[in-house]
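Data from my_file29.cif: mmCIF, C-alpha atoms
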data_data
#
loop_
_atom_site.label_atom_id
_atom_site.label_comp_id
_atom_site.auth_asym_id
_atom_site.auth_seq_id
_atom_site.Cartn_x
_atom_site.Cartn_y
_atom_site.Cartn_z
CA MET V 1 -18.92 46.81 -16.67
CA LEU V 2 -16.64 45.65 -13.88
CA GLN V 3 -14.43 48.67 -14.35
CA TYR V 4 -17.49 50.91 -14.10
CA LEU V 5 -18.69 49.18 -10.89
CA ILE V 6 -15.28 49.48 -9.30
CA GLU V 7 -15.11 53.17 -10.18
CA SER V 8 -18.58 53.52 -8.65
CA LYS V 9 -17.08 52.36 -5.34
CA CYS V 10 -18.95 49.08 -5.14
CA ASP V 11 -17.92 46.65 -2.42
CA VAL V 12 -15.61 44.19 -4.21
CA ASN V 13 -15.56 41.94 -1.12
CA GLN V 14 -19.32 41.49 -0.82
CA THR V 15 -20.28 37.82 -0.60
CA THR V 16 -23.21 35.83 -1.93
CA THR V 17 -25.85 34.79 0.58
CA THR V 18 -25.53 31.00 0.47
CA LEU V 19 -22.02 30.08 -0.65
CA ARG V 20 -20.38 33.25 0.73
CA ARG V 21 -18.32 33.73 -2.42
CA THR V 22 -16.81 37.03 -3.50
CA ALA V 23 -16.33 38.40 -6.99
CA LEU V 24 -12.74 37.19 -6.87
CA HIS V 25 -13.94 33.61 -6.32
CA PHE V 26 -16.10 33.85 -9.44
CA ALA V 27 -13.33 35.45 -11.49
CA VAL V 28 -11.03 32.52 -10.65
CA LEU V 29 -13.70 29.85 -11.17
CA ASN V 30 -14.55 31.29 -14.61
CA HIS V 31 -10.95 31.86 -15.75
CA ARG V 32 -11.44 35.61 -16.00
CA MET V 33 -7.86 36.80 -15.70
CA ALA V 34 -8.59 40.43 -16.62
CA CYS V 35 -11.44 40.61 -14.09
CA MET V 36 -9.27 39.09 -11.42
CA ILE V 37 -6.52 41.65 -11.96
CA LEU V 38 -9.06 44.48 -11.79
CA LEU V 39 -10.48 43.12 -8.53
CA ILE V 40 -7.05 42.67 -6.97
CA GLY V 41 -6.21 46.25 -7.97
CA ALA V 42 -9.41 47.33 -6.21
CA LYS V 43 -8.21 45.73 -2.95
CA ALA V 44 -10.21 42.51 -3.19
CA LYS V 45 -9.26 40.20 -0.36
CA LEU V 46 -7.05 37.44 -1.73
CA ASP V 47 -7.74 34.98 1.07
CA SER V 48 -11.49 35.39 1.58
CA LYS V 49 -13.15 32.01 2.15
CA ASP V 50 -16.50 30.72 1.03
CA THR V 51 -18.88 28.40 2.87
CA PHE V 52 -16.55 25.45 2.23
CA GLY V 53 -13.51 27.33 3.45
CA ASN V 54 -12.08 27.62 -0.06
CA SER V 55 -10.08 30.68 -1.02
CA PRO V 56 -9.52 31.72 -4.64
CA CYS V 57 -6.13 30.02 -4.37
CA HIS V 58 -7.86 26.72 -3.52
CA TYR V 59 -9.97 26.88 -6.67
CA ALA V 60 -7.07 27.88 -8.89
CA ALA V 61 -5.00 24.95 -7.58
CA ASP V 62 -7.91 22.52 -7.67
CA ASP V 63 -8.52 23.12 -11.37
CA GLY V 64 -4.89 23.70 -12.35
CA TYR V 65 -5.34 27.29 -13.52
CA CYS V 66 -1.61 27.99 -13.45
CA GLN V 67 -1.61 31.52 -14.85
CA ILE V 68 -4.26 32.61 -12.37
CA LEU V 69 -2.53 30.73 -9.57
CA ASP V 70 0.75 32.42 -10.46
CA VAL V 71 -0.84 35.90 -10.19
CA LEU V 72 -2.44 35.06 -6.84
CA ILE V 73 0.87 33.79 -5.46
CA ARG V 74 2.81 36.83 -6.69
CA ARG V 75 0.21 39.16 -5.16
CA GLY V 76 0.63 37.46 -1.78
CA ALA V 77 -2.17 34.89 -1.46
CA ASP V 78 -1.78 32.47 1.43
CA VAL V 79 -0.60 29.20 -0.14
CA ASN V 80 -1.13 27.35 3.15
CA SER V 81 -4.76 28.40 3.63
CA GLN V 82 -6.96 25.50 4.82
CA ASP V 83 -10.61 24.84 4.00
CA ILE V 84 -13.22 23.45 6.42
CA THR V 85 -11.66 19.98 6.09
CA SER V 86 -8.18 21.48 6.59
CA LYS V 87 -7.12 20.84 2.99
CA THR V 88 -4.58 23.22 1.48
CA PRO V 89 -4.35 24.35 -2.16
CA LEU V 90 -1.46 21.90 -2.55
CA MET V 91 -3.61 18.97 -1.46
CA LYS V 92 -6.28 19.92 -3.97
CA ALA V 93 -3.78 20.23 -6.80
CA VAL V 94 -2.24 16.88 -5.87
CA ARG V 95 -5.62 15.19 -5.56
CA ASN V 96 -6.51 16.21 -9.12
CA ILE V 97 -3.01 15.43 -10.46
CA LYS V 98 -2.33 19.03 -11.51
CA THR V 99 1.44 18.73 -11.72
CA ASP V 100 2.17 22.28 -12.91
CA ALA V 101 0.07 23.75 -10.12
CA VAL V 102 1.87 21.56 -7.60
CA LEU V 103 5.21 22.80 -8.89
CA LYS V 104 4.14 26.46 -8.59
CA LEU V 105 2.96 25.96 -5.01
CA ILE V 106 6.18 24.18 -4.06
CA ARG V 107 8.20 27.04 -5.54
CA ALA V 108 6.08 29.40 -3.45
CA ASN V 109 7.38 27.57 -0.36
CA CYS V 110 4.08 26.04 0.66
CA ASN V 111 4.17 23.69 3.64
CA LEU V 112 4.33 20.14 2.28
CA ASN V 113 3.66 18.45 5.60
CA ILE V 114 0.43 20.13 6.72
CA THR V 115 -2.25 17.54 7.47
CA ASP V 116 -6.00 17.73 6.93
CA ARG V 117 -8.66 16.59 9.40
CA ASN V 118 -7.94 12.95 8.50
CA SER V 119 -4.24 13.58 9.11
CA ASP V 120 -3.53 13.13 5.41
CA MET V 121 -0.67 15.06 3.83
CA ALA V 122 -0.36 15.96 0.17
CA LEU V 123 1.82 12.87 -0.26
CA HIS V 124 -1.04 10.62 0.90
CA TYR V 125 -3.21 12.01 -1.91
CA ALA V 126 -0.43 11.57 -4.44
CA ALA V 127 0.11 7.97 -3.35
CA ARG V 128 -3.60 7.14 -3.74
CA ASN V 129 -3.67 8.61 -7.24
CA GLY V 130 -0.41 7.01 -8.30
CA GLY V 131 0.94 10.32 -9.60
CA VAL V 132 4.61 9.34 -9.65
CA ASP V 133 5.79 12.72 -11.01
CA ILE V 134 4.04 14.49 -8.16
CA ILE V 135 5.30 11.98 -5.60
CA ASP V 136 8.83 12.56 -6.88
CA LEU V 137 8.37 16.34 -6.66
CA LEU V 138 7.01 16.21 -3.13
CA MET V 139 9.74 13.91 -1.80
CA ALA V 140 12.50 15.86 -3.54
CA SER V 141 11.13 19.03 -1.91
CA GLY V 142 11.19 17.60 1.61
CA SER V 143 7.87 15.85 2.19
CA GLN V 144 7.94 13.35 5.03
CA VAL V 145 7.35 9.79 3.83
CA ASP V 146 6.27 7.93 6.97
CA VAL V 147 3.54 10.15 8.46
CA GLN V 148 0.51 8.07 9.46
CA ASN V 149 -2.98 9.41 8.90
CA TYR V 150 -6.11 8.98 11.04
CA TRP V 151 -6.28 5.26 10.17
CA GLY V 152 -2.55 4.75 10.67
CA ARG V 153 -1.72 4.50 6.99
CA THR V 154 1.48 5.91 5.57
CA PRO V 155 1.65 7.15 1.96
CA CYS V 156 3.12 3.77 1.00
CA MET V 157 0.22 1.92 2.61
CA GLU V 158 -2.22 4.14 0.72
CA ALA V 159 -0.42 3.35 -2.54
CA VAL V 160 -0.71 -0.35 -1.69
CA CYS V 161 -4.44 0.00 -0.93
CA TYR V 162 -5.04 1.45 -4.38
CA ASN V 163 -2.69 -0.99 -6.16
CA GLN V 164 -0.43 1.82 -7.35
CA LYS V 165 2.65 -0.25 -8.16
CA GLU V 166 4.83 2.56 -9.51
CA ALA V 167 4.04 4.73 -6.50
CA VAL V 168 4.92 1.87 -4.14
CA ALA V 169 8.23 1.33 -5.96
CA LEU V 170 9.06 5.05 -5.75
CA LEU V 171 8.29 5.23 -2.03
CA ILE V 172 10.37 2.10 -1.42
CA ARG V 173 13.33 3.79 -3.13
CA ALA V 174 12.83 6.69 -0.70
CA ASN V 175 13.43 4.22 2.17
CA CYS V 176 9.95 4.47 3.61
CA ASP V 177 9.13 2.27 6.60
CA LEU V 178 7.36 -0.76 5.16
CA ASN V 179 6.48 -2.19 8.56
CA ARG V 180 4.32 0.57 10.03
CA ARG V 181 0.95 -0.74 11.15
CA GLU V 182 -2.60 0.53 10.85
CA PHE V 183 -3.96 1.76 14.17
CA LYS V 184 -7.22 -0.19 14.17
CA THR V 185 -6.23 -3.49 12.53
CA GLY V 186 -2.49 -3.64 13.10
CA ASP V 187 -2.03 -4.53 9.42
CA THR V 188 1.19 -3.72 7.60
CA ALA V 189 1.45 -2.86 3.90
CA LEU V 190 2.15 -6.55 3.24
CA HIS V 191 -1.04 -7.61 5.05
CA ILE V 192 -3.03 -5.18 2.90
CA ALA V 193 -1.45 -6.26 -0.39
CA ILE V 194 -2.00 -9.95 0.30
CA ARG V 195 -5.58 -9.47 1.49
CA ARG V 196 -6.42 -7.59 -1.71
CA ASN V 197 -4.54 -10.13 -3.85
CA TYR V 198 -2.18 -7.57 -5.39
CA THR V 199 0.52 -10.07 -6.33
CA SER V 200 2.83 -7.60 -8.10
CA VAL V 201 2.77 -5.28 -5.09
CA VAL V 202 3.43 -8.22 -2.77
CA ARG V 203 6.55 -9.05 -4.79
CA LEU V 204 7.73 -5.43 -4.59
CA LEU V 205 7.30 -5.36 -0.82
CA LEU V 206 9.01 -8.70 -0.27
CA ALA V 207 11.94 -7.76 -2.50
CA ALA V 208 12.36 -4.57 -0.43
CA GLY V 209 12.50 -6.53 2.81
CA SER V 210 8.98 -6.10 4.15
CA ARG V 211 8.61 -8.28 7.23
CA TYR V 212 6.32 -11.27 6.78
CA ASP V 213 6.35 -12.29 10.46
CA ILE V 214 4.53 -9.29 11.99
CA TYR V 215 1.23 -10.15 13.67
CA ASN V 216 -1.72 -7.79 13.38
CA HIS V 217 -4.29 -7.17 16.14
CA GLN V 218 -6.03 -10.43 15.18
CA ARG V 219 -2.68 -12.18 15.81
CA GLU V 220 -2.36 -13.13 12.15
CA THR V 221 0.67 -12.85 9.90
CA ALA V 222 0.42 -11.53 6.35
CA ALA V 223 0.76 -15.09 5.04
CA TYR V 224 -2.33 -16.17 7.01
CA ASP V 225 -4.74 -14.56 4.55
CA ALA V 226 -2.87 -16.00 1.57
CA VAL V 227 -3.31 -19.50 2.97
CA VAL V 228 -6.90 -19.06 4.18
CA SER V 229 -7.93 -17.65 0.79
CA ASN V 230 -5.89 -20.21 -1.17
CA LYS V 231 -3.76 -17.58 -2.95
CA ILE V 232 -1.19 -19.98 -4.35
CA GLU V 233 0.63 -17.43 -6.51
CA ILE V 234 1.26 -15.20 -3.49
CA ILE V 235 2.43 -18.16 -1.40
CA GLN V 236 4.90 -19.07 -4.13
CA ALA V 237 6.12 -15.45 -4.22
CA MET V 238 6.75 -15.63 -0.47
CA ILE V 239 8.70 -18.85 -0.89
CA GLU V 240 10.77 -17.40 -3.73
CA HIS V 241 11.64 -14.43 -1.51
CA ASN V 242 12.71 -16.83 1.22
CA CYS V 243 9.99 -16.10 3.76
CA ASP V 244 10.06 -18.60 6.60
CA LEU V 245 6.60 -20.09 6.32
CA GLU V 246 7.19 -22.20 9.42
CA VAL V 247 6.38 -19.06 11.42
CA PRO V 248 2.93 -19.71 12.96
CA GLY V 249 0.20 -18.15 10.85
CA LYS V 250 -2.05 -17.34 13.78
CA TYR V 251 -1.84 -17.11 17.56
CA TYR V 252 -4.83 -17.41 19.86
CA SER V 253 -5.45 -15.67 23.16
CA ASP V 254 -4.73 -18.86 25.11
CA GLY V 255 -1.25 -19.10 23.58
CA VAL V 256 -2.17 -21.85 21.12
CA TYR V 257 -0.89 -21.32 17.58
CA LYS V 258 -1.48 -22.86 14.19
CA SER V 259 1.01 -23.41 11.40
CA LEU V 260 0.22 -22.27 7.88
CA PHE V 261 0.18 -25.91 6.76
CA GLN V 262 -2.40 -26.79 9.41
CA ILE V 263 -4.54 -23.77 8.50
CA ALA V 264 -4.53 -24.77 4.83
CA ALA V 265 -5.39 -28.37 5.76
CA GLU V 266 -8.31 -27.26 7.95
CA LYS V 267 -9.70 -25.24 5.04
CA GLY V 268 -9.31 -28.17 2.68
CA HIS V 269 -6.83 -26.29 0.49
CA PHE V 270 -4.82 -29.39 -0.35
CA GLU V 271 -2.98 -27.91 -3.33
CA THR V 272 -1.70 -25.17 -1.01
CA CYS V 273 -0.69 -27.86 1.47
CA ARG V 274 1.18 -29.65 -1.28
CA LEU V 275 3.02 -26.48 -2.29
CA LEU V 276 4.06 -25.82 1.31
CA ALA V 277 5.16 -29.44 1.76
CA GLN V 278 7.22 -29.40 -1.43
CA PHE V 279 9.27 -26.56 -0.02
CA GLY V 280 9.68 -28.19 3.37
CA TYR V 281 6.93 -26.41 5.34
CA LEU V 282 5.27 -29.58 6.54
CA ASP V 283 3.35 -29.97 9.81
CA PHE V 284 3.11 -33.62 10.83
CA SER V 285 0.50 -32.79 13.46
CA ALA V 286 -1.96 -32.13 10.61
CA ARG V 287 -2.19 -35.79 9.49
CA VAL V 288 -5.80 -36.06 10.65
CA PHE V 289 -7.00 -33.58 8.03
CA PHE V 290 -6.14 -35.91 5.15
CA HIS V 291 -8.54 -38.69 6.05
CA THR V 292 -11.97 -39.02 4.46
CA ASN V 293 -13.65 -39.41 7.84
CA TYR V 294 -12.53 -35.89 8.76
CA PHE V 295 -13.51 -34.05 5.55
CA PRO V 296 -15.66 -36.60 3.68
CA THR V 297 -16.96 -34.00 1.22
CA ARG V 298 -13.58 -32.55 0.40
CA VAL V 299 -11.12 -35.43 0.65
CA SER V 300 -11.15 -38.03 -2.07
CA ASP V 301 -8.91 -41.09 -2.13
CA SER V 302 -8.43 -40.43 -5.84
CA ASP V 303 -7.21 -36.88 -5.22
CA ALA V 304 -3.56 -36.79 -6.35
CA ALA V 305 -2.62 -34.02 -3.94
CA VAL V 306 -4.11 -35.87 -0.96
CA GLN V 307 -2.41 -39.13 -1.94
CA TRP V 308 0.91 -37.34 -2.28
CA LEU V 309 0.47 -35.59 1.10
CA ARG V 310 -0.50 -38.79 2.90
CA LYS V 311 2.68 -40.40 1.66
CA LYS V 312 4.75 -37.36 2.57
CA LEU V 313 3.35 -37.27 6.09
CA GLN V 314 4.43 -40.86 6.65
CA THR V 315 8.07 -40.17 5.84
CA VAL V 316 10.84 -38.42 7.74
CA THR V 317 12.15 -35.13 6.36
CA SER V 318 15.54 -35.76 4.78
CA LEU V 319 18.75 -34.25 6.13
CA GLN V 320 19.27 -32.69 2.71
CA VAL V 321 16.03 -30.70 2.96
CA LEU V 322 16.75 -29.67 6.55
CA CYS V 323 20.22 -28.40 5.62
CA ARG V 324 18.78 -26.42 2.73
CA LYS V 325 16.21 -24.78 5.03
CA CYS V 326 18.95 -23.77 7.48
CA ILE V 327 21.07 -22.25 4.70
CA ARG V 328 18.09 -20.40 3.27
CA LYS V 329 17.29 -18.88 6.67
CA ARG V 330 20.82 -17.54 6.94
CA LEU V 331 20.75 -16.03 3.44
CA GLY V 332 17.73 -13.81 4.21
CA HIS V 333 15.19 -12.25 1.85
CA LYS V 334 17.88 -11.34 -0.73
CA ILE V 335 18.59 -14.99 -1.27
CA GLN V 336 18.98 -14.68 -5.05
CA GLN V 337 21.84 -12.19 -4.55
CA ASN V 338 23.40 -13.70 -1.44
CA VAL V 339 23.57 -17.23 -2.79
CA GLU V 340 25.98 -16.06 -5.50
CA ASN V 341 28.57 -15.28 -2.81
CA LEU V 342 28.63 -18.88 -1.58
CA PRO V 343 31.83 -20.75 -2.53
CA VAL V 344 29.93 -23.76 -3.85
CA PRO V 345 29.20 -25.22 -7.31
CA ARG V 346 26.38 -23.84 -9.47
CA ALA V 347 24.32 -26.98 -9.03
CA LEU V 348 24.36 -26.57 -5.26
CA LYS V 349 23.41 -22.89 -5.54
CA ASP V 350 20.44 -23.87 -7.70
CA PHE V 351 19.48 -26.47 -5.10
CA VAL V 352 19.58 -23.89 -2.30
CA ILE V 353 17.31 -21.45 -4.13
CA ILE V 354 15.10 -24.37 -5.26
CA LYS V 355 15.52 -23.15 -8.83
CA GLU V 356 13.95 -26.18 -10.44
CA MET V 357 10.79 -25.87 -8.36
CA CYS V 358 10.54 -22.10 -8.72
CA ASP V 359 10.79 -22.41 -12.50
CA ARG V 360 7.82 -24.75 -12.64
CA SER V 361 4.23 -23.70 -12.80
CA VAL V 362 2.67 -24.05 -9.38
CA THR V 363 -0.03 -26.21 -10.92
CA SER V 364 2.25 -28.72 -12.60
CA TYR V 365 2.90 -31.30 -9.97
#

Would you mind writing the structure in this file as structure tokens?
Amino acid sequence: MLQYLIESKCDVNQTTTTLRRTALHFAVLNHRMACMILLIGAKAKLDSKDTFGNSPCHYAADDGYCQILDVLIRRGADVNSQDITSKTPLMKAVRNIKTDAVLKLIRANCNLNITDRNSDMALHYAARNGGVDIIDLLMASGSQVDVQNYWGRTPCMEAVCYNQKEAVALLIRANCDLNRREFKTGDTALHIAIRRNYTSVVRLLLAAGSRYDIYNHQRETAAYDAVVSNKIEIIQAMIEHNCDLEVPGKYYSDGVYKSLFQIAAEKGHFETCRLLAQFGYLDFSARVFFHTNYFPTRVSDSDAAVQWLRKKLQTVTSLQVLCRKCIRKRLGHKIQQNVENLPVPRALKDFVIIKEMCDRSVTSY
């Protein structure tokens, strides 16, 4: 029938009234390879767009119709065509994790770094989906890794937002900038991971050297949310990666700041206070928060953590602990590796990395 209509000189580029689709659109959407070849032979426009700005190439990539996509590419379809939201066929293939279609478009020399109306690249979509094979393909083919979208998020930050651990690890190996900040909030990837309680991602970021001392637009460090929300496992991870938790957790507009220990005490998170104190992050100015007349509903004289903290706040920090803190600051975030280069006995190395305390459960005091 199609052959007959073409021979009868019908208009192969006529569009439907509402969606403005041509016969070629329908041939692609319905996997009709033979019909598509007939239409192309009859001079059907390869790059005609429907109401949504989608060309036949968009639909082929979106659904991963690789044979059809291959024919369109070989016949000269525009692989960088953009729909009404500025998405390219590559973005649609990446969004739906159509790896073979992505590979064909890359081999057709599509532009990997075109952005849509939200300033997202194909790599942003891959990072959200956690498609590590596609991420690897895109980066190996020259995709930029640190482009920020409309909200200021890099592909790595998007991977963090969606808890895509493998994608985060892959982008870290590509030396992405872990300290870029969102435009509106000023949050880094570490802020996001801690706020969403993605402990495994937090550990990845800290191990890669993500800065823990950057303040967002609310003048809060990444550790601030961990303390406010009593995320003990994340706090321990920060200690193990040698973050200096004496850095003020929050600054105020009048220049006043609060330590993480004080913030935890104000919230009544006494187990968090105890953890911080055990590792030397003690704030003696916070004594008032451990008296029953300050928090009568939360402070109990029988509370073991409170009793321990009251005693700790009445003693002077030992020279031994102070020396260890100084050494740890010099060793940096790769403390586990750097400590091995110190010309000191094994027992002293274990003391510096606080091995005994790190090996314990954070709840076993």

Given all atoms listed in the file as the counted atoms, nearest of V:Gly76, V:Pro345, V:Pro155, V:Gly131 to Thr99 in chain V: V:Gly131

Hits from the PyMOL selection byres ((chain V and resi 44) around 12), listed as a ChimeraX atom specification: /V:6,10-15,21-25,27,35-43,45-48,56,72,75,77

If the PyMOL selection byres ((chain V and resi 125) around 9) is run on the structure shown, which residues does it catch, given as a CSV table (one decimal) with C-alpha atoms, in the frame of the given file?
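Wrote result.csv, looks like this:
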chain,number,residue,atom,x,y,z
V,91,MET,CA,-3.6,19.0,-1.5
V,92,LYS,CA,-6.3,19.9,-4.0
V,94,VAL,CA,-2.2,16.9,-5.9
V,95,ARG,CA,-5.6,15.2,-5.6
V,96,ASN,CA,-6.5,16.2,-9.1
V,120,ASP,CA,-3.5,13.1,5.4
V,121,MET,CA,-0.7,15.1,3.8
V,122,ALA,CA,-0.4,16.0,0.2
V,123,LEU,CA,1.8,12.9,-0.3
V,124,HIS,CA,-1.0,10.6,0.9
V,126,ALA,CA,-0.4,11.6,-4.4
V,127,ALA,CA,0.1,8.0,-3.4
V,128,ARG,CA,-3.6,7.1,-3.7
V,129,ASN,CA,-3.7,8.6,-7.2
V,130,GLY,CA,-0.4,7.0,-8.3
V,131,GLY,CA,0.9,10.3,-9.6
V,155,PRO,CA,1.6,7.2,2.0
V,158,GLU,CA,-2.2,4.1,0.7

Residues matched by the PyMOL selection byres ((chain V and resi 192-199) around 9) as a PyMOL selection string: chain V and resi 157+160-161+163+187-191+200-205+222-223+225-226+229+231+233-234+237

How would the residues just picked look written out with C-alpha atoms as a compact mmCIF listing (two decimals), in the frame of the given file?
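Dumped to result.txt:
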# COMPACT_ATOMS: atom_id res chain seq x y z
CA MET V 157 0.22 1.92 2.61
CA VAL V 160 -0.71 -0.35 -1.69
CA CYS V 161 -4.44 0.00 -0.93
CA ASN V 163 -2.69 -0.99 -6.16
CA ASP V 187 -2.03 -4.53 9.42
CA THR V 188 1.19 -3.72 7.60
CA ALA V 189 1.45 -2.86 3.90
CA LEU V 190 2.15 -6.55 3.24
CA HIS V 191 -1.04 -7.61 5.05
CA SER V 200 2.83 -7.60 -8.10
CA VAL V 201 2.77 -5.28 -5.09
CA VAL V 202 3.43 -8.22 -2.77
CA ARG V 203 6.55 -9.05 -4.79
CA LEU V 204 7.73 -5.43 -4.59
CA LEU V 205 7.30 -5.36 -0.82
CA ALA V 222 0.42 -11.53 6.35
CA ALA V 223 0.76 -15.09 5.04
CA ASP V 225 -4.74 -14.56 4.55
CA ALA V 226 -2.87 -16.00 1.57
CA SER V 229 -7.93 -17.65 0.79
CA LYS V 231 -3.76 -17.58 -2.95
CA GLU V 233 0.63 -17.43 -6.51
CA ILE V 234 1.26 -15.20 -3.49
CA ALA V 237 6.12 -15.45 -4.22

Between CA of Arg74 in chain V and CA of Leu103 in chain V, distance in Å (one decimal):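 So the answer is 14.4 Å.
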
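Counting from CA of Glu271 in chain V, the distance to CA of Asn230 in chain V is 8.5 Å.
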
Coordinates-based distance that separates CA of Cys66 in chain V from CA of Thr16 in chain V (Å, one decimal): 25.7 Å

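Between Ala108 in chain V and the residues V:Asp146, V:Asp136, V:Asp83, V:Asp70, the shortest atom-to-atom distance, using all atoms listed in the file, involves V:Asp70.
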
Residues near Thr221 in chain V, cut-off 9 Å, all atoms listed in the file, skip fewer than 5 positions along chain, as a count of residues only: 11

Spatial neighbours of range 308-323 of chain V, 9 Å, only C-alpha atoms, chain gap at least 6 places, as a ChimeraX atom specification: /V:270,273-274,277,279-280,282-284,286-287,290-291

Contacts of Met139 in chain V at 10 Å (all atoms listed in the file; same-chain gap of 6+ positions) as a list in words: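 Once the nearby chain positions are removed, what remains is Leu112, Leu123, Val145, Leu170, Leu171 and Ala174 of chain V.
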